[in-house]
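Source file: target_17.pdb; contents: PDB, C-alpha atoms and all ligand atoms.
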ATOM      1  CA  MET A  13      36.688 -41.538  66.108
ATOM      2  CA  ASN A  14      37.156 -44.216  63.443
ATOM      3  CA  LEU A  15      34.447 -43.789  60.797
ATOM      4  CA  GLY A  16      35.594 -46.477  58.409
ATOM      5  CA  VAL A  17      38.203 -49.048  57.522
ATOM      6  CA  GLY A  18      41.102 -47.912  55.349
ATOM      7  CA  ARG A  19      40.122 -44.255  55.013
ATOM      8  CA  VAL A  20      42.494 -42.676  52.500
ATOM      9  CA  SER A  21      42.643 -39.515  54.607
ATOM     10  CA  GLU A  22      44.214 -41.544  57.437
ATOM     11  CA  GLU A  23      46.861 -43.293  55.327
ATOM     12  CA  LEU A  24      50.435 -42.192  55.919
ATOM     13  CA  LEU A  25      51.976 -39.966  53.262
ATOM     14  CA  ARG A  26      53.720 -42.015  50.567
ATOM     15  CA  GLU A  27      56.676 -41.039  48.424
ATOM     16  CA  GLY A  28      55.444 -40.236  44.892
ATOM     17  CA  GLU A  29      51.956 -39.069  45.797
ATOM     18  CA  THR A  30      50.887 -35.464  45.279
ATOM     19  CA  VAL A  31      50.545 -33.303  48.388
ATOM     20  CA  LEU A  32      49.318 -29.812  49.155
ATOM     21  CA  LEU A  33      51.589 -27.539  51.163
ATOM     22  CA  TRP A  34      49.117 -25.097  52.694
ATOM     23  CA  HIS A  35      50.131 -21.867  54.420
ATOM     24  CA  SER A  36      46.981 -19.741  53.962
ATOM     25  CA  GLU A  37      43.967 -19.363  51.621
ATOM     26  CA  THR A  38      46.139 -17.377  49.223
ATOM     27  CA  ASP A  39      49.398 -19.269  49.642
ATOM     28  CA  SER A  40      49.580 -22.965  48.927
ATOM     29  CA  VAL A  41      51.448 -25.193  46.493
ATOM     30  CA  LEU A  42      50.802 -28.624  45.007
ATOM     31  CA  LEU A  43      53.906 -30.839  44.835
ATOM     32  CA  PRO A  44      54.930 -34.439  44.292
ATOM     33  CA  LEU A  45      56.197 -35.890  47.564
ATOM     34  CA  ARG A  46      59.842 -36.748  46.945
ATOM     35  CA  SER A  47      62.909 -37.064  49.115
ATOM     36  CA  GLY A  48      65.945 -34.934  48.340
ATOM     37  CA  PRO A  49      66.186 -31.277  47.384
ATOM     38  CA  HIS A  50      63.954 -30.133  44.482
ATOM     39  CA  SER A  51      63.590 -26.728  42.928
ATOM     40  CA  VAL A  52      60.063 -25.249  42.902
ATOM     41  CA  PRO A  53      59.782 -22.459  40.287
ATOM     42  CA  GLY A  54      59.391 -19.063  41.960
ATOM     43  CA  ARG A  55      59.752 -20.497  45.464
ATOM     44  CA  GLY A  56      63.170 -22.036  45.935
ATOM     45  CA  VAL A  57      64.293 -25.496  46.969
ATOM     46  CA  VAL A  58      62.173 -27.964  48.928
ATOM     47  CA  ASP A  59      63.116 -31.278  50.522
ATOM     48  CA  LEU A  60      60.117 -33.190  51.851
ATOM     49  CA  ALA A  61      61.996 -36.316  52.991
ATOM     50  CA  ALA A  62      61.015 -35.630  56.613
ATOM     51  CA  VAL A  63      57.247 -35.900  55.965
ATOM     52  CA  ILE A  64      57.317 -39.203  54.027
ATOM     53  CA  GLY A  65      55.636 -41.826  56.189
ATOM     54  CA  LYS A  66      54.005 -39.208  58.428
ATOM     55  CA  PRO A  67      50.230 -38.691  58.762
ATOM     56  CA  PRO A  68      48.641 -35.885  56.695
ATOM     57  CA  GLY A  69      48.620 -32.607  58.618
ATOM     58  CA  GLU A  70      52.341 -32.481  59.483
ATOM     59  CA  VAL A  71      53.757 -28.974  59.717
ATOM     60  CA  TYR A  72      56.725 -28.362  57.416
ATOM     61  CA  ARG A  73      58.958 -25.316  57.874
ATOM     62  CA  TRP A  74      59.941 -23.853  54.495
ATOM     63  CA  ALA A  75      61.380 -20.469  53.478
ATOM     64  CA  GLY A  76      60.626 -18.927  56.869
ATOM     65  CA  ALA A  77      56.958 -19.992  56.961
ATOM     66  CA  ASN A  78      54.939 -22.932  58.278
ATOM     67  CA  PHE A  79      53.107 -25.133  55.764
ATOM     68  CA  ARG A  80      50.698 -27.911  56.604
ATOM     69  CA  VAL A  81      51.210 -31.009  54.418
ATOM     70  CA  LEU A  82      47.831 -32.370  53.337
ATOM     71  CA  ARG A  83      46.243 -34.696  50.782
ATOM     72  CA  PRO A  84      44.795 -32.300  48.181
ATOM     73  CA  SER A  85      41.086 -31.996  47.432
ATOM     74  CA  LEU A  86      39.875 -32.045  43.830
ATOM     75  CA  GLY A  87      39.534 -28.249  44.097
ATOM     76  CA  ASP A  88      43.193 -27.961  45.172
ATOM     77  CA  ARG A  89      44.235 -30.028  42.179
ATOM     78  CA  LEU A  90      42.124 -28.009  39.697
ATOM     79  CA  ALA A  91      43.351 -24.696  41.136
ATOM     80  CA  ALA A  92      46.931 -25.659  40.260
ATOM     81  CA  LEU A  93      46.202 -26.358  36.556
ATOM     82  CA  ARG A  94      47.040 -24.215  33.529
ATOM     83  CA  ARG A  95      44.526 -23.457  30.738
ATOM     84  CA  LYS A  96      44.866 -23.579  26.978
ATOM     85  CA  ALA A  97      41.497 -24.488  25.439
ATOM     86  CA  GLN A  98      38.129 -23.496  26.909
ATOM     87  CA  ILE A  99      37.650 -25.674  29.995
ATOM     88  CA  VAL A 100      34.621 -27.418  31.486
ATOM     89  CA  THR A 101      33.971 -25.625  34.791
ATOM     90  CA  PRO A 102      33.502 -27.651  38.012
ATOM     91  CA  LYS A 103      29.706 -27.130  38.164
ATOM     92  CA  ASP A 104      29.280 -28.550  34.658
ATOM     93  CA  ALA A 105      31.886 -31.273  35.145
ATOM     94  CA  ALA A 106      30.110 -32.484  38.290
ATOM     95  CA  GLN A 107      26.767 -32.718  36.495
ATOM     96  CA  MET A 108      28.363 -34.446  33.492
ATOM     97  CA  LEU A 109      29.605 -37.172  35.865
ATOM     98  CA  PHE A 110      25.996 -37.690  36.959
ATOM     99  CA  LEU A 111      24.572 -37.614  33.414
ATOM    100  CA  ALA A 112      27.139 -40.104  32.111
ATOM    101  CA  GLY A 113      26.960 -42.315  35.220
ATOM    102  CA  VAL A 114      30.665 -42.187  36.104
ATOM    103  CA  LEU A 115      31.418 -44.438  39.093
ATOM    104  CA  PRO A 116      34.530 -45.505  41.048
ATOM    105  CA  GLY A 117      36.412 -48.205  39.168
ATOM    106  CA  ALA A 118      34.837 -47.310  35.814
ATOM    107  CA  ARG A 119      36.550 -47.296  32.428
ATOM    108  CA  ILE A 120      35.797 -43.977  30.753
ATOM    109  CA  ALA A 121      36.537 -42.375  27.380
ATOM    110  CA  GLU A 122      36.719 -38.648  26.803
ATOM    111  CA  ALA A 123      37.152 -36.456  23.706
ATOM    112  CA  GLY A 124      38.733 -33.941  23.340
ATOM    113  CA  SER A 125      41.373 -33.665  25.999
ATOM    114  CA  GLY A 126      41.808 -29.880  25.558
ATOM    115  CA  SER A 127      43.412 -28.487  28.711
ATOM    116  CA  GLY A 128      42.710 -31.684  30.648
ATOM    117  CA  TRP A 129      40.421 -30.110  33.256
ATOM    118  CA  LEU A 130      37.548 -32.510  32.714
ATOM    119  CA  THR A 131      40.148 -35.288  32.511
ATOM    120  CA  VAL A 132      41.333 -34.481  36.048
ATOM    121  CA  VAL A 133      37.735 -34.526  37.354
ATOM    122  CA  LEU A 134      37.188 -37.888  35.651
ATOM    123  CA  ALA A 135      40.451 -39.336  36.984
ATOM    124  CA  CYS A 136      39.479 -38.288  40.513
ATOM    125  CA  SER A 137      35.989 -39.779  40.160
ATOM    126  CA  VAL A 138      36.994 -43.200  38.840
ATOM    127  CA  GLY A 139      39.525 -43.613  41.662
ATOM    128  CA  ALA A 140      42.729 -45.633  41.695
ATOM    129  CA  ALA A 141      41.000 -48.718  40.243
ATOM    130  CA  GLY A 142      39.414 -46.839  37.313
ATOM    131  CA  ARG A 143      40.890 -45.674  34.008
ATOM    132  CA  VAL A 144      40.287 -42.736  31.674
ATOM    133  CA  ARG A 145      41.200 -42.878  27.993
ATOM    134  CA  SER A 146      41.415 -39.322  26.688
ATOM    135  CA  TYR A 147      41.413 -38.590  22.926
ATOM    136  CA  ASP A 148      42.423 -35.446  21.064
ATOM    137  CA  ARG A 149      43.263 -34.933  17.409
ATOM    138  CA  ARG A 150      45.876 -32.263  18.180
ATOM    139  CA  PRO A 151      49.184 -33.365  19.739
ATOM    140  CA  GLU A 152      49.806 -29.985  21.375
ATOM    141  CA  PHE A 153      46.587 -30.350  23.366
ATOM    142  CA  LEU A 154      47.480 -33.906  24.335
ATOM    143  CA  ASP A 155      50.839 -32.683  25.659
ATOM    144  CA  PHE A 156      49.207 -29.818  27.524
ATOM    145  CA  ALA A 157      46.476 -32.002  29.035
ATOM    146  CA  ARG A 158      48.989 -34.693  30.012
ATOM    147  CA  ALA A 159      51.148 -32.133  31.844
ATOM    148  CA  ASN A 160      48.088 -30.920  33.768
ATOM    149  CA  VAL A 161      46.976 -34.456  34.647
ATOM    150  CA  VAL A 162      50.486 -35.322  35.891
ATOM    151  CA  ALA A 163      50.671 -32.066  37.897
ATOM    152  CA  ALA A 164      47.343 -32.994  39.494
ATOM    153  CA  GLY A 165      48.814 -36.358  40.541
ATOM    154  CA  TYR A 166      46.674 -38.575  38.314
ATOM    155  CA  GLY A 167      49.175 -39.554  35.604
ATOM    156  CA  GLU A 168      48.727 -43.278  36.291
ATOM    157  CA  ARG A 169      44.944 -43.201  35.829
ATOM    158  CA  VAL A 170      44.843 -41.622  32.351
ATOM    159  CA  GLU A 171      45.921 -42.866  28.910
ATOM    160  CA  PHE A 172      46.129 -40.245  26.141
ATOM    161  CA  GLU A 173      45.566 -41.125  22.506
ATOM    162  CA  GLU A 174      46.046 -38.945  19.427
ATOM    163  CA  ARG A 175      42.994 -39.596  17.301
ATOM    164  CA  ASP A 176      40.260 -37.765  15.407
ATOM    165  CA  VAL A 177      37.241 -39.528  16.875
ATOM    166  CA  ALA A 178      34.854 -37.975  14.317
ATOM    167  CA  ALA A 179      36.840 -39.455  11.443
ATOM    168  CA  SER A 180      38.051 -42.710  13.013
ATOM    169  CA  GLY A 181      35.849 -43.422  16.030
ATOM    170  CA  PHE A 182      37.296 -44.970  19.188
ATOM    171  CA  ASP A 183      40.118 -47.538  19.119
ATOM    172  CA  GLN A 184      38.647 -49.432  22.094
ATOM    173  CA  SER A 185      35.127 -50.426  23.127
ATOM    174  CA  ASP A 186      33.064 -51.505  26.126
ATOM    175  CA  PHE A 187      33.498 -48.180  27.913
ATOM    176  CA  ASP A 188      31.244 -47.589  30.924
ATOM    177  CA  ALA A 189      30.765 -43.964  29.910
ATOM    178  CA  ILE A 190      31.920 -41.471  27.284
ATOM    179  CA  LEU A 191      32.136 -37.697  27.683
ATOM    180  CA  LEU A 192      32.379 -35.356  24.698
ATOM    181  CA  ASP A 193      33.600 -31.762  24.744
ATOM    182  CA  LEU A 194      34.406 -30.973  21.132
ATOM    183  CA  PRO A 195      32.835 -28.628  18.572
ATOM    184  CA  GLU A 196      30.869 -31.230  16.552
ATOM    185  CA  PRO A 197      29.632 -33.971  18.895
ATOM    186  CA  TRP A 198      26.925 -35.029  16.415
ATOM    187  CA  GLU A 199      29.731 -36.393  14.208
ATOM    188  CA  VAL A 200      30.832 -38.680  17.072
ATOM    189  CA  VAL A 201      27.577 -39.824  18.667
ATOM    190  CA  GLY A 202      27.160 -42.881  16.388
ATOM    191  CA  LYS A 203      30.745 -43.925  17.159
ATOM    192  CA  CYS A 204      30.031 -43.625  20.888
ATOM    193  CA  ARG A 205      27.186 -46.096  20.506
ATOM    194  CA  ASP A 206      29.652 -48.654  19.105
ATOM    195  CA  ALA A 207      32.196 -47.985  21.894
ATOM    196  CA  LEU A 208      29.845 -48.087  24.908
ATOM    197  CA  ARG A 209      28.894 -51.146  26.891
ATOM    198  CA  LEU A 210      25.169 -51.903  27.087
ATOM    199  CA  GLY A 211      23.645 -49.493  29.588
ATOM    200  CA  GLY A 212      26.632 -47.146  29.296
ATOM    201  CA  GLY A 213      26.174 -43.401  29.546
ATOM    202  CA  LEU A 214      27.118 -40.484  27.312
ATOM    203  CA  ALA A 215      27.413 -36.831  28.308
ATOM    204  CA  THR A 216      28.067 -33.955  25.915
ATOM    205  CA  TYR A 217      29.003 -30.322  26.478
ATOM    206  CA  THR A 218      27.884 -27.829  23.821
ATOM    207  CA  PRO A 219      28.238 -24.052  24.201
ATOM    208  CA  THR A 220      25.511 -23.058  21.675
ATOM    209  CA  TYR A 221      21.852 -23.943  21.037
ATOM    210  CA  ASN A 222      22.456 -25.057  17.459
ATOM    211  CA  GLN A 223      25.213 -27.444  18.592
ATOM    212  CA  LEU A 224      22.823 -28.775  21.226
ATOM    213  CA  GLU A 225      20.009 -29.341  18.689
ATOM    214  CA  ARG A 226      22.260 -31.157  16.249
ATOM    215  CA  THR A 227      23.662 -33.325  19.043
ATOM    216  CA  VAL A 228      20.245 -34.331  20.349
ATOM    217  CA  ARG A 229      19.015 -35.073  16.801
ATOM    218  CA  ALA A 230      22.025 -37.370  16.316
ATOM    219  CA  LEU A 231      21.368 -39.086  19.658
ATOM    220  CA  ARG A 232      17.741 -39.757  18.710
ATOM    221  CA  GLU A 233      18.695 -41.017  15.244
ATOM    222  CA  SER A 234      21.373 -43.278  16.765
ATOM    223  CA  GLY A 235      18.886 -44.979  19.089
ATOM    224  CA  PHE A 236      20.003 -43.570  22.451
ATOM    225  CA  HIS A 237      17.499 -43.462  25.321
ATOM    226  CA  HIS A 238      16.981 -41.273  28.410
ATOM    227  CA  ILE A 239      18.096 -38.166  26.536
ATOM    228  CA  VAL A 240      18.054 -35.100  28.750
ATOM    229  CA  SER A 241      19.475 -31.601  28.190
ATOM    230  CA  GLU A 242      20.221 -29.109  30.940
ATOM    231  CA  GLU A 243      21.823 -25.788  31.723
ATOM    232  CA  LEU A 244      23.242 -25.015  35.170
ATOM    233  CA  LEU A 245      23.394 -21.438  36.441
ATOM    234  CA  LEU A 246      25.556 -21.012  39.513
ATOM    235  CA  ARG A 247      25.005 -18.022  41.803
ATOM    236  CA  THR A 248      27.380 -17.370  44.689
ATOM    237  CA  LEU A 249      25.922 -16.025  47.928
ATOM    238  CA  GLU A 250      27.642 -13.283  49.931
ATOM    239  CA  VAL A 251      27.020 -14.239  53.550
ATOM    240  CA  GLY A 252      27.146 -11.448  56.146
ATOM    241  CA  GLU A 253      25.249 -11.183  59.433
ATOM    242  CA  GLY A 254      21.848  -9.645  58.565
ATOM    243  CA  GLY A 255      22.907  -8.854  54.990
ATOM    244  CA  THR A 256      23.151 -12.164  53.169
ATOM    245  CA  ARG A 257      22.414 -11.811  49.449
ATOM    246  CA  PRO A 258      23.471 -13.160  46.035
ATOM    247  CA  ALA A 259      26.744 -11.823  44.645
ATOM    248  CA  PHE A 260      26.196  -9.033  42.101
ATOM    249  CA  GLU A 261      28.229 -10.775  39.412
ATOM    250  CA  MET A 262      27.784 -14.255  38.025
ATOM    251  CA  LEU A 263      28.991 -16.255  35.056
ATOM    252  CA  GLY A 264      26.002 -15.967  32.720
ATOM    253  CA  HIS A 265      26.764 -18.820  30.351
ATOM    254  CA  THR A 266      29.114 -21.770  30.064
ATOM    255  CA  GLY A 267      27.569 -24.637  28.092
ATOM    256  CA  PHE A 268      24.556 -26.886  27.674
ATOM    257  CA  LEU A 269      24.798 -30.431  28.982
ATOM    258  CA  THR A 270      23.165 -33.481  27.460
ATOM    259  CA  GLY A 271      23.034 -36.977  28.903
ATOM    260  CA  ALA A 272      21.925 -40.193  27.193
ATOM    261  CA  ARG A 273      22.208 -43.965  27.592
ATOM    262  CA  TRP A 274      22.870 -46.749  25.133
ATOM    263  CA  MET A 275      20.415 -49.573  25.923
ATOM    264  CA  GLY A 276      21.130 -51.697  22.840
ATOM    265  CA  PRO A 277      19.416 -51.954  19.447
ATOM    266  CA  SER A 278      15.599 -51.855  19.402
ATOM    267  CA  TRP A 279      13.848 -55.204  19.467
TER
HETATM  268  C1  LIG A 301      37.160 -27.205  24.353
HETATM  269  S1  LIG A 301      38.485 -28.335  24.211
HETATM  270  C2  LIG A 301      38.168 -29.511  25.494
HETATM  271  C3  LIG A 301      38.427 -28.942  26.870
HETATM  272  C4  LIG A 301      38.449 -29.970  27.974
HETATM  273  N1  LIG A 301      37.166 -30.626  28.131
HETATM  274  C5  LIG A 301      38.851 -29.351  29.312
HETATM  275  O1  LIG A 301      38.036 -29.335  30.262
HETATM  276  O2  LIG A 301      40.005 -28.887  29.427
HETATM  277  C6  LIG A 301      38.069 -29.215  22.750
HETATM  278  C7  LIG A 301      39.171 -30.171  22.283
HETATM  279  O3  LIG A 301      38.578 -31.070  21.353
HETATM  280  C8  LIG A 301      39.558 -31.416  20.397
HETATM  281  N2  LIG A 301      38.829 -31.942  19.233
HETATM  282  C9  LIG A 301      38.004 -31.288  18.393
HETATM  283  N3  LIG A 301      37.489 -32.134  17.486
HETATM  284  C10 LIG A 301      38.008 -33.368  17.745
HETATM  285  C11 LIG A 301      37.867 -34.650  17.146
HETATM  286  N4  LIG A 301      37.080 -34.842  16.076
HETATM  287  N5  LIG A 301      38.551 -35.701  17.679
HETATM  288  C12 LIG A 301      39.373 -35.507  18.760
HETATM  289  N6  LIG A 301      39.541 -34.301  19.361
HETATM  290  C13 LIG A 301      38.866 -33.256  18.871
HETATM  291  C14 LIG A 301      40.303 -30.103  20.155
HETATM  292  O4  LIG A 301      41.569 -30.327  19.588
HETATM  293  C15 LIG A 301      40.341 -29.497  21.543
HETATM  294  O5  LIG A 301      41.543 -29.823  22.205
END
Would it be possible to restate this file's structure as structure tokens?
Amino acid sequence: MNLGVGRVSEELLREGETVLLWHSETDSVLLPLRSGPHSVPGRGVVDLAAVIGKPPGEVYRWAGANFRVLRPSLGDRLAALRRKAQIVTPKDAAQMLFLAGVLPGARIAEAGSGSGWLTVVLACSVGAAGRVRSYDRRPEFLDFARANVVAAGYGERVEFEERDVAASGFDQSDFDAILLDLPEPWEVVGKCRDALRLGGGLATYTPTYNQLERTVRALRESGFHHIVSEELLLRTLEVGEGGTRPAFEMLGHTGFLTGARWMGPSW
């Protein structure tokens, strides 16, 4: 059944794109699709030449096991990343997209890059036509985040820039949305106002109440509108016939989310 024209899931696998080799729920690997033998750390040599130009779902025989070659989901891409700084978890990242109004094709700024987890979510959300400009004041985090973004297959959608945005603001303007995950967002909020297009959205992530209060005070003083703060608690359900219940353990706290919009100076 054809549900739409040009569905990406139906496109043939292209050399250079990132694919998931899936054997089971506990055994899969994310790889760039390249022809010729390549060494995969801890796994041996792979040569995917035979699946280039084939539809997703091909079975590839490797190291005595069958792997299905698929286009990865966002979850597959995130699962393959390494961590350095505290990351924004998927539940919070998803809501930050909503609060900031991130859309396909958008031009987004983010600070700081950290481990690049939120960057990967942003790069996925803006699509091939969108761009993410990711700022961090520490080069080692930029390098780390860049490696994660490239491993996730989104290297072409993200530009990294070494910059202290609290001290120097943003080097570009007219962004559709800005997302902040850094310790002192209230130092940056006024600079976001200058870098957003009219109607653009801002989302901040703050782990503590006092950071949240200072951020919201800065947003009000800077003339932002539609300011809303939220906390998301995620509870997994254990589903069993006749015994479905919440899991006993849950992550009690991640961070507080704030969204706001820049609607221009008051008149
Ligand atoms: C918690 S990490 C961000 C994690 C990231 N959102 C993720 O999901 O992987 C915070 C980052 O903000 C950077 N940072 C802190 N203050 C900054 C500033 N004024 N300008 C630019 N980057 C800043 C830090 O160097 C650090 O890498």
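Among the candidates A:Ala105, A:Val31, A:Ala179, A:Val71, the one nearest to Ala163 (chain A) when counting only C-alpha atoms is A:Val31.
Of the listed residues A:Ala272, A:Glu173, A:Pro195, A:Thr218, the one whose atoms come nearest to Gly113 (chain A) is A:Ala272, with distances taken using only C-alpha atoms.
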So what does the PyMOL selection byres (((chain A and resi 224-237) around 12) and not hetatm) actually pick up in this one, as an MDAnalysis selection string?
chainID A and resid 192:206 208 210:223 238:243 267:279
Got time to write the residues from that selection, C-alpha atoms, as a CSV table (one decimal), in the coordinates of the input?
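Okay, out_6.csv is ready:
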chain,number,residue,atom,x,y,z
A,192,LEU,CA,32.4,-35.4,24.7
A,193,ASP,CA,33.6,-31.8,24.7
A,194,LEU,CA,34.4,-31.0,21.1
A,195,PRO,CA,32.8,-28.6,18.6
A,196,GLU,CA,30.9,-31.2,16.6
A,197,PRO,CA,29.6,-34.0,18.9
A,198,TRP,CA,26.9,-35.0,16.4
A,199,GLU,CA,29.7,-36.4,14.2
A,200,VAL,CA,30.8,-38.7,17.1
A,201,VAL,CA,27.6,-39.8,18.7
A,202,GLY,CA,27.2,-42.9,16.4
A,203,LYS,CA,30.7,-43.9,17.2
A,204,CYS,CA,30.0,-43.6,20.9
A,205,ARG,CA,27.2,-46.1,20.5
A,206,ASP,CA,29.7,-48.7,19.1
A,208,LEU,CA,29.8,-48.1,24.9
A,210,LEU,CA,25.2,-51.9,27.1
A,211,GLY,CA,23.6,-49.5,29.6
A,212,GLY,CA,26.6,-47.1,29.3
A,213,GLY,CA,26.2,-43.4,29.5
A,214,LEU,CA,27.1,-40.5,27.3
A,215,ALA,CA,27.4,-36.8,28.3
A,216,THR,CA,28.1,-34.0,25.9
A,217,TYR,CA,29.0,-30.3,26.5
A,218,THR,CA,27.9,-27.8,23.8
A,219,PRO,CA,28.2,-24.1,24.2
A,220,THR,CA,25.5,-23.1,21.7
A,221,TYR,CA,21.9,-23.9,21.0
A,222,ASN,CA,22.5,-25.1,17.5
A,223,GLN,CA,25.2,-27.4,18.6
A,238,HIS,CA,17.0,-41.3,28.4
A,239,ILE,CA,18.1,-38.2,26.5
A,240,VAL,CA,18.1,-35.1,28.8
A,241,SER,CA,19.5,-31.6,28.2
A,242,GLU,CA,20.2,-29.1,30.9
A,243,GLU,CA,21.8,-25.8,31.7
A,267,GLY,CA,27.6,-24.6,28.1
A,268,PHE,CA,24.6,-26.9,27.7
A,269,LEU,CA,24.8,-30.4,29.0
A,270,THR,CA,23.2,-33.5,27.5
A,271,GLY,CA,23.0,-37.0,28.9
A,272,ALA,CA,21.9,-40.2,27.2
A,273,ARG,CA,22.2,-44.0,27.6
A,274,TRP,CA,22.9,-46.7,25.1
A,275,MET,CA,20.4,-49.6,25.9
A,276,GLY,CA,21.1,-51.7,22.8
A,277,PRO,CA,19.4,-52.0,19.4
A,278,SER,CA,15.6,-51.9,19.4
A,279,TRP,CA,13.8,-55.2,19.5
So which residues are near ligand LIG 301 (chain A), meaning at most 9 Å away with all atoms listed in the file counted, given back as JSON, numbers by chain?
{"A": [95, 96, 97, 98, 99, 100, 101, 105, 122, 123, 124, 125, 126, 127, 128, 129, 130, 131, 132, 133, 147, 148, 149, 150, 151, 152, 153, 154, 157, 174, 175, 176, 177, 178, 179, 180, 181, 191, 192, 193, 194, 195, 196, 197, 199, 200, 217]}
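Taking CA of Arg46 (chain A) and CA of Ala61 (chain A) as endpoints, the distance between them is 6.4 Å.
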Residues near Ser85 (chain A), anyone? I mean within 10 Å using all atoms listed in the file, not counting same-chain ones fewer than 6 positions away, as a list in words.
Val31, Leu32, Ala91 and Cys136 of chain A
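Counting all atoms listed in the file, the residue from A:Asp188, A:Glu29, A:Glu23, A:Asp39 that sits nearest to Gly167 (chain A) is A:Glu29.
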Would you place a box with edges along x, y and z of the file around all atoms of region 218-230 of chain A listed there, add 6 Å to each of its six sides, and report the centre and edge lengths in Å to one decimal, as lines of an AutoDock Vina configuration file?
center_x = 23.6
center_y = -30.2
center_z = 20.2
size_x = 21.2
size_y = 26.3
size_z = 20.0
Report as a ChimeraX atom specification the residues that result from applying the PyMOL selection byres (((chain A and resi 72) around 10) and not hetatm) to the structure here.
/A:33-35,59-60,62-63,69-71,73-75,77-81
One number please: CA of Leu90 (chain A) to CA of Ala164 (chain A), in Å, one decimal.
7.2 Å
May I have the residues within 8 Å of Arg119 (chain A) as a PyMOL selection string, using only C-alpha atoms and disregarding those fewer than 5 positions away in the same chain?
chain A and resi 138+142-145+187-189
